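J.: This is the structure I want to talk about, given as structure tokens.
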Amino acid sequence: MKSSEELMLLLELNGFDTRKFKLKKQLEYEKTGNLELYKHKKYADLIVCHYTFNEDADFYHRNPLTYQVNWNQEVRSMDQFHITHPDLDNEITLKEFLNLKDFNQVNRESILYDVLDNWVEEYRESSITQMENLREMVKLLPKKSKKYKKPSKITFLTSVILALLIMLLYKAPDSLKPSFLIGMLSFWETIIDDYVQLLYDVPWYSFLGNVAIFLMIGYAVLNNFISRYIRDVRSEKNKRAEQTFDKWEQDMKDSRLKQAGILEDYVDIVVKNPDKSELELKQLIGPSILLDKFKDYVQMIEKRYDWMTKYYKTMFRLLRLEYVLAFVVFILFFAVGFALIRGWI
């Protein structure tokens, strides 16, 4: 048992709310294929269930609907799995059962439906609970927090405007000399011309201007990235996210219905022709594939949120440093230029 698990177990036993940690660990434990996990509401029961589960290579005693592509290559058909039933004396494989001569067609069909219904119901209950857990995990993310604010839009716009100002000196200096100022502020036109001339005459000064542009644009990009990152993490709790989960649940229902249809067709075939008992497991794992896809998405959101909370202060320190440095270089660019124009340097 990991130290973090021991700590959370102690916290739960002392009355602390450990729901979020429990849900995250359950998502992690479910990768073992343990279908008993969904039955436990408390973390103490969950962790006992996980560590007492024997994750061996005997896949033939598991629920075939939980099939994963990383299982042994020899596991490929549903008739390879072992089944039990009150009407059977021993545990046998599904293929062996279908080849028994002790049952007529009606009894064979009844037993087969009982076995398949148990597998389907077990997986259905498990998948429904897993979907509910995924929804709750996203709900536990704080939608808004005074602690985690987005970067300032004012500094973003300021950096863009200041970078644009220097770029216009390079590419379109005439745009900085509007017609309504001509004659009124003639010295402004002279200053612009002097700065432009410096860019041509003094290479290192031109380089300083490029550095100022780079830093300002770099700040704007970093500001926008952090803002979008925080916004995206927050948006996972909005109404759209709820609609997404509703759609996922409907997709799961549709996939389970398709799975049930395949199993019904299978029963119709093998009851009449027991020799045709092979059914590739890959045809039955539509719900499992969907569920794994949803889990990956929620885990991605969790990781993004955890990353944000862990590095929030660091990100903003870098952002402030970038802005201060960019602003200092911007001021330095015009101050040095003015000094060169005046002949002070």
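By order in the structure tokens, chains are A, B, ...; within a chain, residues start at 1; ligands start at 1, following the order shown.
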Which residues, written as a short mmCIF file (atom, residue, chain, number, x, y, z; two decimals) with N, CA, C and O atoms, in the first residue's frame, have at least one atom at most 12 Å from A:Lys247, with only C-alpha atoms counted and residues fewer than 4 positions away on the same chain left out?
T.:
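Below you can see out.cif, which holds the result:
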data_model
loop_
_atom_site.label_atom_id
_atom_site.label_comp_id
_atom_site.auth_asym_id
_atom_site.auth_seq_id
_atom_site.Cartn_x
_atom_site.Cartn_y
_atom_site.Cartn_z
N MET A 131 -19.63 5.27 -14.99
CA MET A 131 -20.03 6.52 -15.63
C MET A 131 -20.45 7.56 -14.59
O MET A 131 -20.12 8.74 -14.70
N ARG A 135 -18.69 11.28 -13.92
CA ARG A 135 -19.44 12.53 -13.85
C ARG A 135 -19.16 13.26 -12.53
O ARG A 135 -18.97 14.48 -12.50
N ARG A 240 -22.39 22.78 -20.85
CA ARG A 240 -21.97 21.99 -22.01
C ARG A 240 -21.36 20.66 -21.58
O ARG A 240 -21.56 19.62 -22.22
N ALA A 241 -20.59 20.70 -20.47
CA ALA A 241 -19.99 19.47 -19.96
C ALA A 241 -21.07 18.49 -19.51
O ALA A 241 -20.97 17.28 -19.72
N GLU A 242 -22.13 19.02 -18.88
CA GLU A 242 -23.24 18.16 -18.46
C GLU A 242 -23.90 17.52 -19.68
O GLU A 242 -24.23 16.33 -19.67
N GLN A 243 -24.07 18.30 -20.73
CA GLN A 243 -24.66 17.76 -21.96
C GLN A 243 -23.76 16.70 -22.57
O GLN A 243 -24.24 15.71 -23.14
N ASP A 251 -24.74 7.16 -25.56
CA ASP A 251 -23.87 6.36 -26.43
C ASP A 251 -23.60 4.99 -25.80
O ASP A 251 -23.55 3.97 -26.50
N MET A 252 -23.42 4.98 -24.47
CA MET A 252 -23.20 3.71 -23.78
C MET A 252 -24.43 2.82 -23.86
O MET A 252 -24.32 1.60 -24.07
N LYS A 253 -25.60 3.41 -23.70
CA LYS A 253 -26.84 2.62 -23.80
C LYS A 253 -26.97 2.01 -25.20
O LYS A 253 -27.32 0.84 -25.35
N ASP A 254 -26.70 2.82 -26.21
CA ASP A 254 -26.80 2.34 -27.59
C ASP A 254 -25.79 1.21 -27.83
O ASP A 254 -26.10 0.22 -28.51
N LEU A 290 -15.74 2.40 -25.45
CA LEU A 290 -16.30 3.72 -25.15
C LEU A 290 -15.97 4.17 -23.74
O LEU A 290 -15.57 5.31 -23.50
N PHE A 294 -13.91 7.48 -22.40
CA PHE A 294 -14.42 8.47 -21.45
C PHE A 294 -13.48 8.62 -20.26
O PHE A 294 -13.23 9.73 -19.76
#
J.: So that I can see what lies close to A:Asn133, please list as a list in words the residues with an atom at most 12 Å from it, counting only C-alpha atoms and leaving out residues fewer than 4 positions away in the same chain.
T.: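 Neighbouring residues, sequence-local ones excluded: Arg19, Lys20, Phe21, Lys22, Leu23, Lys24, Lys25, Gln26, Leu27, Glu30, Leu37, Tyr38, Lys39, His40, Lys41, Ser126, Ser127, Ile128, Thr129, Met137, Val138, Lys139, Leu140, Phe245, Leu291, Phe294, Lys295, Val298 and Gln299 of chain A.
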J.: Can you work out which one of A:Lys293, A:Pro274, A:Tyr195, A:Lys310 has the shortest atom-to-atom distance to A:Ala335, counting only C-alpha atoms?
T.: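 Distance minimum relative to A:Ala335 lands on A:Tyr195.
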J.: Residues within 12 Å of A:Asp193, please, as a ChimeraX atom specification. Count only C-alpha atoms; anything in the same chain fewer than 4 positions from it doesn't count.
T.: /A:169-170,172-177,186-189,197-200,337-338,341
J.: In stretch 56-171 of chain A, what's helix (DSSP H, G or I) per DSSP? Answer as a PyMOL selection string?
T.: chain A and resi 59-61+64-66+78-80+94-98+105-139+153-171
J.: Between A:Gly218, A:Met1, A:Glu96, A:Ala326, which is the closest to A:His50 once you count only C-alpha atoms?
T.: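 Of A:Gly218, A:Met1, A:Glu96, A:Ala326, the one nearest A:His50, counting only C-alpha atoms, is A:Met1.
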J.: Would you kindly return, as a compact mmCIF listing (two decimals) with N, CA and C atoms, in the first residue's frame, each protein, DNA or RNA residue with an atom no farther than 12 Å from any atom of A:Val271, considering only C-alpha atoms and excluding same-chain residues fewer than 3 positions away?
T.:
# COMPACT_ATOMS: atom_id res chain seq x y z
N LYS A 95 -18.07 -23.75 -24.57
CA LYS A 95 -18.04 -24.66 -25.71
C LYS A 95 -18.36 -26.09 -25.27
N PHE A 97 -20.16 -26.93 -22.72
CA PHE A 97 -21.58 -26.98 -22.39
C PHE A 97 -22.43 -27.16 -23.65
N LEU A 98 -22.11 -26.41 -24.68
CA LEU A 98 -22.91 -26.47 -25.91
C LEU A 98 -22.80 -27.83 -26.59
N ASN A 99 -21.73 -28.55 -26.31
CA ASN A 99 -21.55 -29.87 -26.92
C ASN A 99 -22.13 -31.01 -26.08
N LEU A 100 -22.65 -30.67 -24.88
CA LEU A 100 -23.26 -31.70 -24.04
C LEU A 100 -24.54 -32.23 -24.69
N PHE A 103 -28.86 -32.07 -22.53
CA PHE A 103 -29.93 -31.06 -22.54
C PHE A 103 -30.56 -30.98 -23.93
N ASN A 104 -31.87 -30.78 -23.90
CA ASN A 104 -32.54 -30.55 -25.18
C ASN A 104 -32.37 -29.09 -25.58
N GLN A 105 -32.90 -28.74 -26.70
CA GLN A 105 -32.69 -27.39 -27.24
C GLN A 105 -33.27 -26.31 -26.33
N VAL A 106 -34.43 -26.58 -25.74
CA VAL A 106 -35.07 -25.59 -24.87
C VAL A 106 -34.25 -25.36 -23.60
N ASN A 107 -33.82 -26.44 -22.97
CA ASN A 107 -33.02 -26.32 -21.74
C ASN A 107 -31.67 -25.65 -22.02
N ARG A 108 -31.08 -26.03 -23.14
CA ARG A 108 -29.79 -25.43 -23.49
C ARG A 108 -29.94 -23.91 -23.68
N GLU A 109 -31.01 -23.53 -24.33
CA GLU A 109 -31.25 -22.10 -24.56
C GLU A 109 -31.49 -21.37 -23.24
N SER A 110 -32.24 -21.99 -22.34
CA SER A 110 -32.53 -21.37 -21.04
C SER A 110 -31.26 -21.16 -20.23
N ILE A 111 -30.43 -22.20 -20.17
CA ILE A 111 -29.17 -22.09 -19.41
C ILE A 111 -28.26 -21.04 -20.04
N LEU A 112 -28.20 -21.06 -21.35
CA LEU A 112 -27.33 -20.11 -22.05
C LEU A 112 -27.76 -18.67 -21.79
N TYR A 113 -29.07 -18.44 -21.80
CA TYR A 113 -29.57 -17.09 -21.52
C TYR A 113 -29.24 -16.68 -20.08
N GLU A 264 -27.93 -12.05 -28.57
CA GLU A 264 -29.19 -12.73 -28.90
C GLU A 264 -29.05 -13.52 -30.21
N ASP A 265 -28.41 -12.91 -31.18
CA ASP A 265 -28.18 -13.61 -32.45
C ASP A 265 -27.29 -14.83 -32.22
N TYR A 266 -26.33 -14.68 -31.32
CA TYR A 266 -25.43 -15.79 -31.00
C TYR A 266 -26.20 -16.97 -30.41
N VAL A 267 -27.12 -16.66 -29.49
CA VAL A 267 -27.92 -17.72 -28.86
C VAL A 267 -28.75 -18.45 -29.92
N ASP A 268 -29.38 -17.69 -30.79
CA ASP A 268 -30.21 -18.31 -31.84
C ASP A 268 -29.39 -19.27 -32.71
N PRO A 274 -24.61 -26.10 -32.29
CA PRO A 274 -23.59 -25.96 -31.24
C PRO A 274 -22.16 -25.89 -31.77
N ASP A 275 -21.93 -26.43 -32.93
CA ASP A 275 -20.57 -26.40 -33.48
C ASP A 275 -20.13 -24.98 -33.87
N LYS A 276 -21.09 -24.09 -34.04
CA LYS A 276 -20.78 -22.70 -34.40
C LYS A 276 -20.74 -21.82 -33.15
N SER A 277 -20.02 -22.29 -32.15
CA SER A 277 -20.02 -21.60 -30.85
C SER A 277 -19.01 -20.47 -30.76
J.: Smallest atom-to-atom distance to A:Arg342: which of A:Asp306, A:Ile217, A:Ile191, A:Tyr205, using only C-alpha atoms?
T.: A:Ile191
J.: Using only C-alpha atoms, which residue out of A:Ser152, A:Gln130, A:Asn210, A:Thr309 lies closest to A:Leu164?
T.: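 Using only C-alpha atoms, the shortest distance to A:Leu164 belongs to A:Asn210.
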J.: Mind checking which residues fall within 9 Å of A:Asn72, counting only C-alpha atoms, ignoring those fewer than 3 positions away in the same chain, and posting them as a PDB file with C-alpha atoms, in the first residue's frame?
T.:
ATOM      1  CA  ALA A  57      -3.492 -14.534 -16.202  1.00  0.00           C
ATOM      2  CA  PHE A  59      -8.717 -14.727 -18.111  1.00  0.00           C
ATOM      3  CA  VAL A  69      -6.827  -6.236 -26.415  1.00  0.00           C
ATOM      4  CA  VAL A  75      -8.090 -15.518 -25.578  1.00  0.00           C
ATOM      5  CA  ARG A  76     -10.199 -14.650 -28.589  1.00  0.00           C
TER       6      ARG A  76
END
J.: When you count only C-alpha atoms, which of these residues is closest to A:Arg234: A:Glu302, A:Glu91, A:Asp296, A:Asp194?
T.: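 Looking only at the distances to A:Arg234, the closest residue turns out to be A:Glu302.
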J.: Restricting the calculation to only C-alpha atoms, which member of A:Leu257, A:Met216, A:Met78, A:Leu208 is positioned closest to A:Leu279?
T.: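 Ranking A:Leu257, A:Met216, A:Met78, A:Leu208 by distance to A:Leu279, first place goes to A:Met78.
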